[in-house]
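Structure below is start_31.txt: compact mmCIF, C-alpha atoms.
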# COMPACT_ATOMS: atom_id res chain seq x y z
CA MET J 27 33.63 -24.94 16.88
CA ASN J 28 32.58 -22.75 19.76
CA PRO J 29 29.65 -24.53 21.56
CA LYS J 30 27.49 -21.40 21.33
CA LEU J 31 28.11 -21.03 17.62
CA LYS J 32 27.50 -24.75 17.13
CA ARG J 33 24.15 -24.47 18.88
CA ILE J 34 23.15 -21.49 16.73
CA GLU J 35 24.20 -23.40 13.60
CA LEU J 36 21.98 -26.34 14.62
CA ILE J 37 19.03 -24.01 15.14
CA LYS J 38 19.60 -22.37 11.76
CA ASN J 39 19.70 -25.76 10.03
CA GLN J 40 16.51 -26.79 11.80
CA LEU J 41 14.68 -23.62 10.72
CA ASN J 42 15.76 -24.13 7.13
CA SER J 43 14.85 -27.82 6.99
CA GLY J 44 11.75 -29.01 5.18
CA GLU J 45 10.67 -30.99 8.23
CA THR J 46 9.57 -27.83 10.04
CA LYS J 47 6.79 -27.27 7.52
CA ILE J 48 3.28 -28.59 8.11
CA ASN J 49 0.89 -29.67 5.39
CA TYR J 50 -2.39 -28.32 6.74
CA LYS J 51 -4.45 -30.53 4.39
CA SER J 52 -2.73 -33.80 5.29
CA ASN J 53 -4.43 -36.42 7.47
CA LYS J 54 -1.03 -36.93 9.10
CA ASN J 55 -0.97 -33.39 10.42
CA PRO J 56 0.36 -33.84 14.00
CA LEU J 57 -2.03 -31.18 15.28
CA ASN J 58 -5.13 -33.17 14.35
CA LYS J 59 -5.19 -35.41 17.44
CA TRP J 60 -4.95 -32.39 19.73
CA ARG J 61 -7.69 -30.59 17.85
CA LYS J 62 -10.01 -33.55 18.49
CA LYS J 63 -9.34 -33.25 22.22
CA ALA J 64 -10.08 -29.54 22.33
CA THR J 65 -13.05 -28.40 24.43
CA VAL J 66 -12.98 -24.79 23.24
CA ASP J 67 -16.17 -23.65 21.53
CA LYS J 68 -14.71 -22.78 18.15
CA GLU J 69 -17.84 -21.04 16.90
CA LEU J 70 -18.02 -18.84 19.99
CA ILE J 71 -14.40 -17.71 19.57
CA ALA J 72 -14.76 -17.29 15.81
CA ASN J 73 -17.89 -15.17 16.19
CA LEU J 74 -16.12 -13.04 18.77
CA TYR J 75 -13.18 -12.28 16.51
CA PHE J 76 -15.04 -12.34 13.20
CA PRO J 77 -18.45 -10.76 13.78
CA TYR J 78 -18.84 -9.87 10.11
CA HIS J 79 -18.60 -11.67 6.80
CA ARG J 80 -17.35 -15.10 7.79
CA ASP J 81 -17.83 -16.12 4.17
CA LEU J 82 -15.08 -13.71 3.13
CA ILE J 83 -12.72 -15.14 5.75
CA GLU J 84 -13.39 -18.60 4.37
CA LEU J 85 -12.84 -17.35 0.82
CA ALA J 86 -9.52 -15.75 1.77
CA ASN J 87 -8.35 -18.91 3.52
CA LYS J 88 -9.43 -21.01 0.54
CA ILE J 89 -7.33 -18.83 -1.77
CA ILE J 90 -4.32 -19.08 0.54
CA MET J 91 -4.60 -22.84 1.10
CA ASN J 92 -5.41 -23.92 -2.46
CA ASN J 93 -3.04 -21.88 -4.61
CA PRO J 94 0.65 -22.79 -4.98
CA GLU J 95 1.60 -19.09 -5.07
CA PHE J 96 0.93 -18.99 -1.32
CA GLN J 97 2.96 -22.03 -0.32
CA HIS J 98 5.92 -19.95 0.83
CA PHE J 99 5.86 -19.66 4.59
CA TYR J 100 9.65 -19.46 4.84
CA LYS J 101 11.70 -17.13 2.68
CA GLN J 102 15.27 -17.60 3.87
CA ASP J 103 16.32 -18.97 0.49
CA MET J 104 14.57 -16.30 -1.61
CA SER J 105 16.20 -13.12 -2.90
CA ILE J 106 14.46 -9.75 -2.40
CA ASP J 107 13.47 -9.69 -6.07
CA LYS J 108 11.99 -13.20 -5.80
CA ILE J 109 10.05 -12.28 -2.68
CA ARG J 110 8.58 -9.24 -4.42
CA GLU J 111 7.82 -11.22 -7.56
CA GLN J 112 6.04 -13.82 -5.43
CA THR J 113 3.95 -11.13 -3.72
CA VAL J 114 2.80 -9.77 -7.09
CA LYS J 115 1.79 -13.30 -8.13
CA GLN J 116 -0.15 -13.65 -4.88
CA MET J 117 -1.96 -10.37 -5.54
CA LYS J 118 -2.88 -11.47 -9.07
CA VAL J 119 -4.31 -14.82 -8.00
CA THR J 120 -6.16 -13.15 -5.13
CA ILE J 121 -7.90 -10.68 -7.43
CA LYS J 122 -8.66 -13.42 -9.99
CA GLU J 123 -10.21 -15.73 -7.39
CA LEU J 124 -11.99 -12.89 -5.62
CA GLU J 125 -13.70 -11.69 -8.80
CA LYS J 126 -15.47 -15.05 -9.09
CA THR J 127 -17.47 -14.10 -6.00
CA ILE J 128 -17.37 -10.32 -5.58
CA SER J 129 -15.79 -7.46 -7.52
CA PHE J 130 -12.90 -5.66 -5.87
CA LYS J 131 -14.81 -2.39 -6.34
CA GLU J 132 -17.74 -3.72 -4.31
CA LEU J 133 -15.36 -5.13 -1.70
CA ARG J 134 -13.42 -1.86 -1.34
CA ASN J 135 -16.53 0.28 -1.04
CA ASP J 136 -17.78 -1.72 1.95
CA PRO J 137 -15.31 -1.11 4.83
CA THR J 138 -16.35 -4.17 6.88
CA LYS J 139 -16.00 -6.48 3.87
CA PHE J 140 -12.71 -4.95 2.76
CA TYR J 141 -10.96 -5.09 6.13
CA THR J 142 -12.31 -8.52 6.99
CA PHE J 143 -10.86 -9.85 3.74
CA LEU J 144 -7.60 -7.91 4.12
CA GLU J 145 -7.05 -9.18 7.67
CA ALA J 146 -6.87 -12.78 6.52
CA PHE J 147 -4.07 -11.99 4.09
CA THR J 148 -2.25 -9.76 6.57
CA GLY J 149 -2.27 -12.66 9.04
CA PHE J 150 -0.71 -14.94 6.43
CA ASP J 151 1.93 -12.39 5.44
CA GLN J 152 1.95 -8.72 6.40
CA GLY J 153 3.70 -7.90 3.15
CA ILE J 154 0.77 -8.73 0.91
CA GLY J 155 -1.60 -6.92 3.27
CA ILE J 156 0.57 -3.80 3.12
CA LYS J 157 0.92 -4.10 -0.65
CA PHE J 158 -2.86 -4.06 -1.03
CA GLY J 159 -3.15 -1.34 1.61
CA VAL J 160 -0.76 1.20 0.05
CA HIS J 161 -2.64 1.02 -3.24
CA SER J 162 -6.19 0.45 -1.98
CA VAL J 163 -6.14 2.66 1.13
CA LEU J 164 -3.61 5.49 0.85
CA TYR J 165 -3.59 6.05 -2.92
CA TYR J 166 -7.30 5.29 -3.31
CA ASN J 167 -8.31 7.59 -0.45
CA CYS J 168 -6.41 10.52 -1.97
CA LEU J 169 -8.42 10.08 -5.14
CA LYS J 170 -11.71 9.51 -3.35
CA ASN J 171 -11.37 12.35 -0.82
CA LEU J 172 -9.61 15.07 -2.83
CA SER J 173 -10.66 14.59 -6.46
CA THR J 174 -13.52 15.91 -8.60
CA ILE J 175 -15.30 14.43 -11.62
CA THR J 176 -12.18 15.23 -13.67
CA HIS J 177 -10.35 12.39 -11.92
CA HIS J 178 -13.09 9.75 -11.59
CA SER J 179 -11.64 7.60 -14.38
CA TYR J 180 -8.50 7.23 -12.23
CA ILE J 181 -10.61 5.90 -9.36
CA ASP J 182 -11.98 3.20 -11.67
CA ARG J 183 -8.46 2.40 -12.89
CA CYS J 184 -7.33 2.10 -9.27
CA LEU J 185 -10.13 -0.32 -8.33
CA THR J 186 -9.53 -2.49 -11.41
CA PHE J 187 -5.72 -2.40 -10.87
CA GLU J 188 -5.22 -0.90 -14.32
CA ASP J 189 -3.05 1.55 -12.41
CA ILE J 190 -0.93 0.74 -9.38
CA GLY J 191 -0.57 3.75 -7.12
CA CYS J 192 1.63 4.91 -4.26
CA PHE J 193 1.44 7.68 -1.67
CA GLY J 194 4.10 10.38 -2.09
CA LEU J 195 4.11 12.41 1.11
CA THR J 196 7.20 11.67 3.25
CA GLU J 197 10.46 13.35 2.33
CA PHE J 198 13.95 12.44 3.43
CA GLY J 199 14.61 15.73 5.19
CA HIS J 200 11.35 16.77 6.79
CA GLY J 201 10.50 13.87 9.14
CA SER J 202 6.90 14.21 10.29
CA ASN J 203 6.85 17.97 9.68
CA VAL J 204 4.49 17.73 6.72
CA ARG J 205 3.71 21.43 6.58
CA ASP J 206 7.35 22.15 5.65
CA ILE J 207 7.88 19.59 2.89
CA ARG J 208 10.12 21.03 0.17
CA THR J 209 8.78 19.52 -3.07
CA THR J 210 7.26 22.33 -5.14
CA ALA J 211 4.52 22.47 -7.78
CA THR J 212 4.68 25.80 -9.61
CA TYR J 213 1.91 26.79 -12.00
CA ASP J 214 3.03 27.85 -15.49
CA ASP J 215 0.04 29.76 -16.89
CA ALA J 216 1.66 30.09 -20.32
CA HIS J 217 1.51 26.31 -20.80
CA LYS J 218 -1.31 25.56 -18.31
CA GLU J 219 0.89 23.08 -16.50
CA PHE J 220 2.39 22.52 -13.07
CA VAL J 221 6.17 22.14 -12.89
CA ILE J 222 7.15 19.77 -10.08
CA ASN J 223 10.61 20.02 -8.57
CA SER J 224 12.71 18.52 -5.80
CA PRO J 225 14.96 21.46 -4.86
CA SER J 226 17.47 19.19 -3.07
CA TYR J 227 18.12 15.55 -2.26
CA ASP J 228 16.46 15.87 1.13
CA ALA J 229 13.27 16.89 -0.71
CA TYR J 230 13.04 13.51 -2.42
CA LYS J 231 9.99 11.47 -1.46
CA TRP J 232 11.45 8.61 0.58
CA TRP J 233 10.36 5.20 1.93
CA ILE J 234 7.38 5.24 -0.44
CA GLY J 235 5.77 1.79 -0.65
CA GLY J 236 5.51 0.65 -4.27
CA ALA J 237 7.71 3.41 -5.70
CA GLY J 238 10.85 1.29 -5.97
CA LYS J 239 9.69 -1.07 -8.73
CA THR J 240 5.94 -1.28 -9.36
CA ALA J 241 3.75 1.82 -9.01
CA ASN J 242 3.02 3.78 -12.17
CA MET J 243 0.99 6.52 -10.43
CA SER J 244 1.49 8.53 -7.26
CA CYS J 245 -0.40 11.07 -5.21
CA ILE J 246 2.36 13.64 -4.67
CA PHE J 247 2.11 16.26 -1.94
CA ALA J 248 3.89 19.51 -2.76
CA GLN J 249 3.94 23.21 -1.93
CA LEU J 250 1.64 24.91 -4.44
CA TYR J 251 3.04 28.10 -5.97
CA VAL J 252 0.90 30.38 -8.14
CA LYS J 253 2.27 33.72 -9.39
CA GLY J 254 5.08 33.57 -6.84
CA ILE J 255 2.77 32.99 -3.85
CA CYS J 256 2.88 29.74 -1.86
CA HIS J 257 -0.57 28.40 -1.01
CA GLY J 258 0.66 25.52 1.14
CA VAL J 259 0.64 21.76 0.76
CA HIS J 260 -1.62 20.31 -1.94
CA CYS J 261 -1.95 16.91 -3.56
CA PHE J 262 -1.26 16.16 -7.23
CA LEU J 263 -2.03 13.06 -9.29
CA VAL J 264 1.28 12.30 -11.00
CA PRO J 265 2.30 9.55 -13.47
CA ILE J 266 5.79 8.41 -12.47
CA ARG J 267 6.47 5.27 -14.49
CA ASN J 268 5.52 3.87 -17.92
CA LYS J 269 3.13 0.94 -17.36
CA GLN J 270 4.52 -1.11 -20.24
CA THR J 271 8.26 -0.60 -19.75
CA LEU J 272 8.13 0.21 -15.98
CA LEU J 273 10.77 2.88 -16.66
CA ALA J 274 10.61 6.31 -15.03
CA TYR J 275 9.35 9.17 -17.16
CA PRO J 276 11.90 11.86 -18.12
CA GLY J 277 12.12 14.31 -15.25
CA VAL J 278 11.26 11.65 -12.63
CA ILE J 279 14.03 10.02 -10.60
CA LEU J 280 13.09 6.66 -9.08
CA GLY J 281 15.08 4.24 -6.96
CA ASP J 282 14.85 1.47 -4.38
CA CYS J 283 15.58 2.20 -0.71
CA GLY J 284 17.36 -1.17 -0.40
CA PRO J 285 17.11 -4.13 2.01
CA LYS J 286 15.04 -3.86 5.19
CA VAL J 287 14.82 -5.84 8.42
CA GLY J 288 11.34 -7.08 7.48
CA ASN J 289 8.60 -6.86 4.86
CA GLU J 290 10.91 -7.26 1.89
CA ASN J 291 7.72 -7.83 -0.11
CA ILE J 292 7.29 -4.07 -0.30
CA ASP J 293 9.45 -2.18 -2.80
CA ASN J 294 9.96 0.96 -0.73
CA GLY J 295 11.59 3.56 -2.93
CA PHE J 296 12.37 7.22 -3.47
CA ILE J 297 10.96 9.72 -5.96
CA GLY J 298 12.62 12.92 -7.14
CA PHE J 299 11.54 15.49 -9.72
CA ASN J 300 13.51 17.66 -12.10
CA ASN J 301 11.25 20.23 -13.81
CA TYR J 302 8.64 17.53 -14.36
CA ARG J 303 5.54 18.90 -16.06
CA VAL J 304 2.00 17.69 -15.42
CA PRO J 305 -1.26 19.17 -16.73
CA ARG J 306 -3.32 21.65 -14.71
CA GLU J 307 -5.84 18.87 -14.08
CA ALA J 308 -3.21 16.99 -12.03
CA LEU J 309 -4.17 19.11 -9.01
CA LEU J 310 -6.72 17.15 -6.94
CA ASN J 311 -9.04 20.11 -6.79
CA LYS J 312 -11.98 19.28 -4.55
CA TYR J 313 -11.11 22.10 -2.15
CA SER J 314 -8.61 24.25 -4.07
CA GLN J 315 -8.62 25.33 -7.69
CA VAL J 316 -6.21 27.07 -10.05
CA SER J 317 -7.81 28.65 -13.12
CA GLU J 318 -6.21 28.51 -16.55
CA ASP J 319 -4.93 32.07 -16.20
CA GLY J 320 -3.43 31.34 -12.77
CA ILE J 321 -5.97 32.45 -10.18
CA PHE J 322 -5.99 30.43 -6.95
CA THR J 323 -9.28 29.92 -5.10
CA SER J 324 -10.37 27.61 -2.32
CA THR J 325 -13.64 26.66 -0.68
CA ILE J 326 -11.68 26.46 2.59
CA THR J 327 -10.38 29.92 3.39
CA ASN J 328 -8.53 28.99 6.59
CA PRO J 329 -5.11 27.61 5.53
CA ASP J 330 -4.81 25.47 8.69
CA VAL J 331 -8.14 23.78 8.04
CA ARG J 332 -7.24 23.36 4.37
CA PHE J 333 -3.94 21.72 5.32
CA ALA J 334 -5.63 19.30 7.75
CA THR J 335 -8.30 18.41 5.19
CA SER J 336 -5.71 17.61 2.53
CA LEU J 337 -4.18 14.98 4.84
CA GLY J 338 -7.48 13.18 5.44
CA ALA J 339 -6.33 10.23 3.34
CA LEU J 340 -3.91 9.31 6.12
CA GLU J 341 -6.56 8.61 8.74
CA GLU J 342 -7.79 5.26 7.42
CA GLY J 343 -4.20 4.13 6.95
CA ARG J 344 -3.39 4.90 10.58
CA ILE J 345 -6.44 2.95 11.74
CA THR J 346 -5.35 0.04 9.54
CA ILE J 347 -1.89 -0.03 11.14
CA ALA J 348 -3.38 0.01 14.64
CA SER J 349 -5.80 -2.81 13.83
CA GLY J 350 -2.92 -4.94 12.53
CA SER J 351 -1.93 -5.80 16.09
CA GLN J 352 -5.01 -8.01 16.34
CA VAL J 353 -4.61 -9.80 13.03
CA SER J 354 -2.19 -12.63 13.86
CA LYS J 355 -4.15 -14.11 16.73
CA LYS J 356 -7.37 -13.86 14.76
CA LEU J 357 -5.91 -15.91 11.95
CA ILE J 358 -5.23 -18.83 14.31
CA PHE J 359 -8.94 -19.51 14.63
CA SER J 360 -9.66 -19.12 10.93
CA PHE J 361 -7.49 -22.13 10.04
CA TYR J 362 -9.29 -24.54 12.40
Can the structure from this file be put into C-alpha cells for me?
Amino acid sequence: MNPKLKRIELIKNQLNSGETKINYKSNKNPLNKWRKKATVDKELIANLYFPYHRDLIELANKIIMNNPEFQHFYKQDMSIDKIREQTVKQMKVTIKELEKTISFKELRNDPTKFYTFLEAFTGFDQGIGIKFGVHSVLYYNCLKNLSTITHHSYIDRCLTFEDIGCFGLTEFGHGSNVRDIRTTATYDDAHKEFVINSPSYDAYKWWIGGAGKTANMSCIFAQLYVKGICHGVHCFLVPIRNKQTLLAYPGVILGDCGPKVGNENIDNGFIGFNNYRVPREALLNKYSQVSEDGIFTSTITNPDVRFATSLGALEEGRITIASGSQVSKKLIFSFY
C-alpha cells in the first residue's frame, strides 16, 4: 500500500477506535493528574465566561453527562437517520429533565437564561443547539412578533413542543433577495381562504431546518395578493405535516435536501405548494389585515418599513449564529 494511504488508514482506525474516548466520570481519567497541577483560578475564568445563571450551566452539563442519549461523541458509524433519531431523543430527555427545575416557557421568556442553557448544548453538539434554535428562535419569534390574540394558542403549543415549527423564508431561486421571493398567497374572498402556490421549482422553500422530516408547522413568507394587487411579503402560519402520521398534507410537497458536510442532525428540507388552502386567520396580522370581503389594510403605510418589520424574527437568529463562535471554548471550563 502507498505509504501515504497507509498512514491515513492508520489515522482513520485510530479515530474510530474505542480507546480514543474518555470517560469523564472515571477516576482513571488521564486528565485528572494534570487538573490537580493546574494553577488557573477556575472560578475567575468561569465567572468571566458565564456571568449569568451558573446553575443552568450545571443543569445542562448534568443532563449531558448523566443520560445515555448523550453518550455519542463520535458518529462515524451512524447513518443520517440514526443521527437525527438520536438528536430527537436528546431533545426529549432535555425537556423532561429541564421541566423538573424550570418550565421551558419560563426559560424561553428570559433571554439570559435561555441562551445560557442553549450554549451548553451547542458546545456539546451544534446540531442539537440548532434544532432547538430553529423551533424556539426563528419559528417562535415569528409567532411572538407578528401574531395577534388569534394565534396565541400556537405560541403555547410551540413552547410546550405540542407543535414543532420551522421557518419558511429562503427559496431555491431567490438567494438573499427576500423582497422578490416567488411563493404567492392569494386571498379567495368567496371561501375566506388564502391559496398558497409555488409557481415554479425555484420558488420552493429550500434548506429549511426541520422541514425534511419533523416539523408539522411552518411560518411561510409569501407575496400577498388581494383582488389582483400584490401587497408585498407577508408571513403565514401554515400546517405542513400531519402530527400523527408525519405525512405532508395534500397540496404540500415536502422532501429532504440530502446529505451535508456537517450537522446531519438537522433535517434540512424543501417545501412546495400546489393550490394549498389555509384559513384567513393564517395571516400573521399584527401589522397587516385582510377583511373577510377582501380589503387590505395595514398600520404601517410605508411598504419598505412594513417589509423590514416583517423580517424582525431574523434578528435574534443572526445574533445567535454570531454568538456561536464563543460557545466551544466556553464549554471547556464548564466540564472542569
In Å and to one decimal, CA of Glu145 (chain J) is distant from CA of Gly194 (chain J) by 24.5 Å
Selection near Trp233 (chain J), 7 Å with all atoms listed in the file, sequence-local residues under 3 positions removed, as a tab-separated table (two decimals) with C-alpha atoms, in the coordinates of the input:
chain	number	residue	atom	x	y	z
J	283	CYS	CA	15.58	2.20	-0.71
J	294	ASN	CA	9.96	0.96	-0.73
J	295	GLY	CA	11.59	3.56	-2.93
J	296	PHE	CA	12.37	7.22	-3.47
**Prompt:** Asn242 (chain J): which residues within 10 Å, counting only C-alpha atoms, same-chain residues fewer than 5 positions away excluded, as a count of residues only?
**Reply:** 18
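Between Ile246 (chain J) and the residues J:Leu195, J:Val287, J:Val204, J:Ala308, the shortest atom-to-atom distance, using all atoms listed in the file, involves J:Leu195.
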Env of Lys170 (chain J): 12 Å cut, atoms = all atoms listed in the file, seq-sep filter 2 positions within chain, self excluded. Answer as a ChimeraX atom specification. /J:134-135,162-168,172-182,184-185,245,263,310-312,336,338-339
Skipping near chain neighbours, those fewer than 4 positions away, what residues fall within 8 Å of Thr142 (chain J) using only C-alpha atoms, listed as a PDB file with C-alpha atoms, in the coordinates of the input?
ATOM      1  CA  PHE J  76     -15.040 -12.340  13.200  1.00  0.00           C
ATOM      2  CA  TYR J  78     -18.840  -9.870  10.110  1.00  0.00           C
ATOM      3  CA  HIS J  79     -18.600 -11.670   6.800  1.00  0.00           C
ATOM      4  CA  LEU J  82     -15.080 -13.710   3.130  1.00  0.00           C
ATOM      5  CA  ILE J  83     -12.720 -15.140   5.750  1.00  0.00           C
ATOM      6  CA  THR J 138     -16.350  -4.170   6.880  1.00  0.00           C
ATOM      7  CA  ALA J 146      -6.870 -12.780   6.520  1.00  0.00           C
TER       8      ALA J 146
END
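Between CA of Tyr213 (chain J) and CA of Ala334 (chain J) the separation is 22.4 Å.
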Mind completing region 212-223 of chain J with N, CA and C atoms? Output as a CSV table (one decimal), in the frame of the given file, please?
chain,number,residue,atom,x,y,z
J,212,THR,N,4.8,24.4,-9.2
J,212,THR,CA,4.7,25.8,-9.6
J,212,THR,C,3.8,25.9,-10.9
J,213,TYR,N,2.8,26.7,-10.8
J,213,TYR,CA,1.9,26.8,-12.0
J,213,TYR,C,2.5,27.7,-13.1
J,214,ASP,N,2.6,27.1,-14.3
J,214,ASP,CA,3.0,27.8,-15.5
J,214,ASP,C,1.8,28.2,-16.3
J,215,ASP,N,1.3,29.4,-16.2
J,215,ASP,CA,0.0,29.8,-16.9
J,215,ASP,C,0.2,29.9,-18.4
J,216,ALA,N,1.4,30.0,-18.9
J,216,ALA,CA,1.7,30.1,-20.3
J,216,ALA,C,1.4,28.7,-21.0
J,217,HIS,N,1.7,27.7,-20.3
J,217,HIS,CA,1.5,26.3,-20.8
J,217,HIS,C,0.4,25.5,-20.1
J,218,LYS,N,-0.2,26.2,-19.1
J,218,LYS,CA,-1.3,25.6,-18.3
J,218,LYS,C,-0.9,24.2,-17.7
J,219,GLU,N,0.3,24.3,-17.1
J,219,GLU,CA,0.9,23.1,-16.5
J,219,GLU,C,1.5,23.4,-15.1
J,220,PHE,N,1.6,22.4,-14.3
J,220,PHE,CA,2.4,22.5,-13.1
J,220,PHE,C,3.8,21.9,-13.3
J,221,VAL,N,4.8,22.6,-12.8
J,221,VAL,CA,6.2,22.1,-12.9
J,221,VAL,C,6.6,21.7,-11.5
J,222,ILE,N,6.8,20.4,-11.4
J,222,ILE,CA,7.2,19.8,-10.1
J,222,ILE,C,8.7,19.6,-9.9
J,223,ASN,N,9.2,20.0,-8.8
J,223,ASN,CA,10.6,20.0,-8.6
J,223,ASN,C,10.9,19.5,-7.2
